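Read through the structure below, which is laid out as C-alpha cells, and then see the notes.
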Amino acid sequence: LRAAAGDLPAELRHRITLDLPADLPKALGHRPSLATVLTELATNAGKYSAPGSPIEISARPDGQMVAFRVSDRGIGIRPEHVERAFDRFWQGESGDRRGYPGAGLGLYLVRRIVEQQNGWVSLRPRAGGGTVAEVRLPRG
C-alpha cells in the first residue's frame with residue numbers, strides 16, 4: 001500500500017494521508033493488480049471531492065483478512081447507489097460529464113480484480129459526508 005500510494009499521480013499523492021500499522025500482515029494477491037485497485041479508488045476519491053481535500057488510506061488486520069480503506073470527504077454516495085456503483089458504465093452523478101468525467105468502468109474493474117484475488121470490496125457513505133471504499137483480502 002505504501003509503495004502503491006507513492007506511485008499515485010502527483011495531484012493525488014499530495015492529498016493522501018496514510019494510516020498503516022507497522023505490523024500490518026501481508027495480504028494474498030497480485031501486487032500490480034492491487035496497485036491498480038488502490039489507484040482507481042484514490043482517483044475516484046479525488047474526482048468526487050473538493051480539490052486539495054484529504055484522501056485517507058488506512059489498513060488493519062481483521063481475523064483472517066486484511067482490510068484497507070480509501071476515505072474522502074466529497075459528495076458521498078447515496079445508499080441506494082452503493083451496489084449500482086459497481087455496474088459497468090454506471091456513474092452516480094452522470095448528469096454533468098464535464099464535472100465528473102469517466103466511462104463508468106473503474107469500480108466495475110475494481111470489483112472484478114478484488115474478487116479474482118478472493119477478496120471483496122464495498123462502498124458506504126461516510127458519516128459527515130464523503131465515501132468509504134473498503135477492500136478485504138485474505139491474509140498471507
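A note on labels: chains of the C-alpha cells are A, B, ... as shown, every chain counts residues from 1, and ligands are counted from 1 in their shown order.
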Leu18 in chain A surroundings by only C-alpha atoms, 8 Å radius, close-in-sequence under 2 positions cut, as a VMD selection string: chain A and resid 2 16 20 56 to 58
Sel. of helix (DSSP H, G or I) residues, chain A, as a ChimeraX atom specification: /A:2-6,10-13,31-47,79-81,84-86,106-116
Nearest to Asp23 in chain A by atom-to-atom distance, counting only C-alpha atoms, from A:Pro61, A:Gly129, A:Gly140, A:Gly119: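 Of A:Pro61, A:Gly129, A:Gly140, A:Gly119, the one nearest Asp23 in chain A is A:Pro61, counting only C-alpha atoms.
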Test item, strand (DSSP E or B) assignment across chain A, answer as an MDAnalysis selection string: chainID A and resid 16:19 27 55:62 65:71 120:125 131:139
Near-Phe68 in chain A list (6 Å; only C-alpha atoms; drop same-chain fewer than 4 positions) as JSON, numbers by chain: {"A": [58, 59, 134, 135]}
Would you export the selected residues with C-alpha atoms as a PDB file, in the first residue's frame, please?
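Wrote out.pdb, looks like this:
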ATOM      1  CA  SER A  58      -5.876   3.123   6.224  1.00  0.00           C
ATOM      2  CA  ALA A  59      -5.451  -0.591   6.829  1.00  0.00           C
ATOM      3  CA  GLU A 134     -13.176  -0.892   1.732  1.00  0.00           C
ATOM      4  CA  VAL A 135     -11.252  -3.829   0.293  1.00  0.00           C
TER       5      VAL A 135
END
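Each of A:Val132, A:Leu123, A:Ala3, A:Ala35 was compared to Arg69 in chain A using only C-alpha atoms, and A:Val132 turns out to be the nearest.
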Surrounding residues of Pro125 in chain A excluding itself and chain neighbours under 5 positions, 7 Å, only C-alpha atoms, as a ChimeraX atom specification: /A:76-79,130-132
Gap from CA of Asp72 in chain A to CA of His30 in chain A - Å, one decimal: 25.4 Å
Given only C-alpha atoms as the counted atoms, nearest of A:Ala67, A:Ala50, A:Leu34, A:Ile75 to Leu109 in chain A: A:Leu34
Contacts of Pro54 in chain A within 12 Å, only C-alpha atoms, excl. fewer than 6 positions in-chain, as a list in words: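 Using only C-alpha atoms, the neighbours found are Glu11, Leu12, Arg13, His14, Arg15, Ile16, Thr17, Leu18, Ala42, Ala45, Gly46, Lys47, Tyr48, Val70, Ser71, Asp72, Arg73, Gly74 and Gly130 of chain A.
For Arg111 in chain A, the residues within 9 Å (counting only C-alpha atoms, excluding itself and residues fewer than 6 positions away along the chain) are Val37, Phe86, Gly119, Trp120, Val121 and Ser122 of chain A.
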Go ahead and save the picked residues with N, CA and C atoms, as a short mmCIF file (atom, residue, chain, number, x, y, z; two decimals), in the first residue's frame.
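Wrote it out as part.cif, contents follow:
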data_model
loop_
_atom_site.label_atom_id
_atom_site.label_comp_id
_atom_site.auth_asym_id
_atom_site.auth_seq_id
_atom_site.Cartn_x
_atom_site.Cartn_y
_atom_site.Cartn_z
N VAL A 37 -6.12 -1.33 -8.12
CA VAL A 37 -7.30 -1.12 -7.27
C VAL A 37 -7.13 0.15 -6.44
N PHE A 86 -20.93 -0.45 -8.85
CA PHE A 86 -20.02 -1.47 -9.39
C PHE A 86 -20.47 -2.01 -10.75
N GLY A 119 -11.10 -11.77 -2.59
CA GLY A 119 -11.49 -10.75 -1.63
C GLY A 119 -12.83 -10.15 -1.99
N TRP A 120 -13.18 -9.08 -1.29
CA TRP A 120 -14.42 -8.36 -1.64
C TRP A 120 -14.21 -6.88 -1.41
N VAL A 121 -15.03 -6.09 -2.06
CA VAL A 121 -14.95 -4.64 -1.98
C VAL A 121 -16.35 -4.10 -1.73
N SER A 122 -16.41 -3.02 -0.96
CA SER A 122 -17.69 -2.39 -0.68
C SER A 122 -17.52 -0.88 -0.62
#
Point-to-point distance from CA of Ala22 in chain A to CA of Ala5 in chain A, Å rounded to tenths: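 Spanning CA of Ala22 in chain A to CA of Ala5 in chain A is a straight-line distance of 15.6 Å.
A straight line drawn from CA of Pro21 in chain A to CA of Ser53 in chain A is 23.0 Å long.
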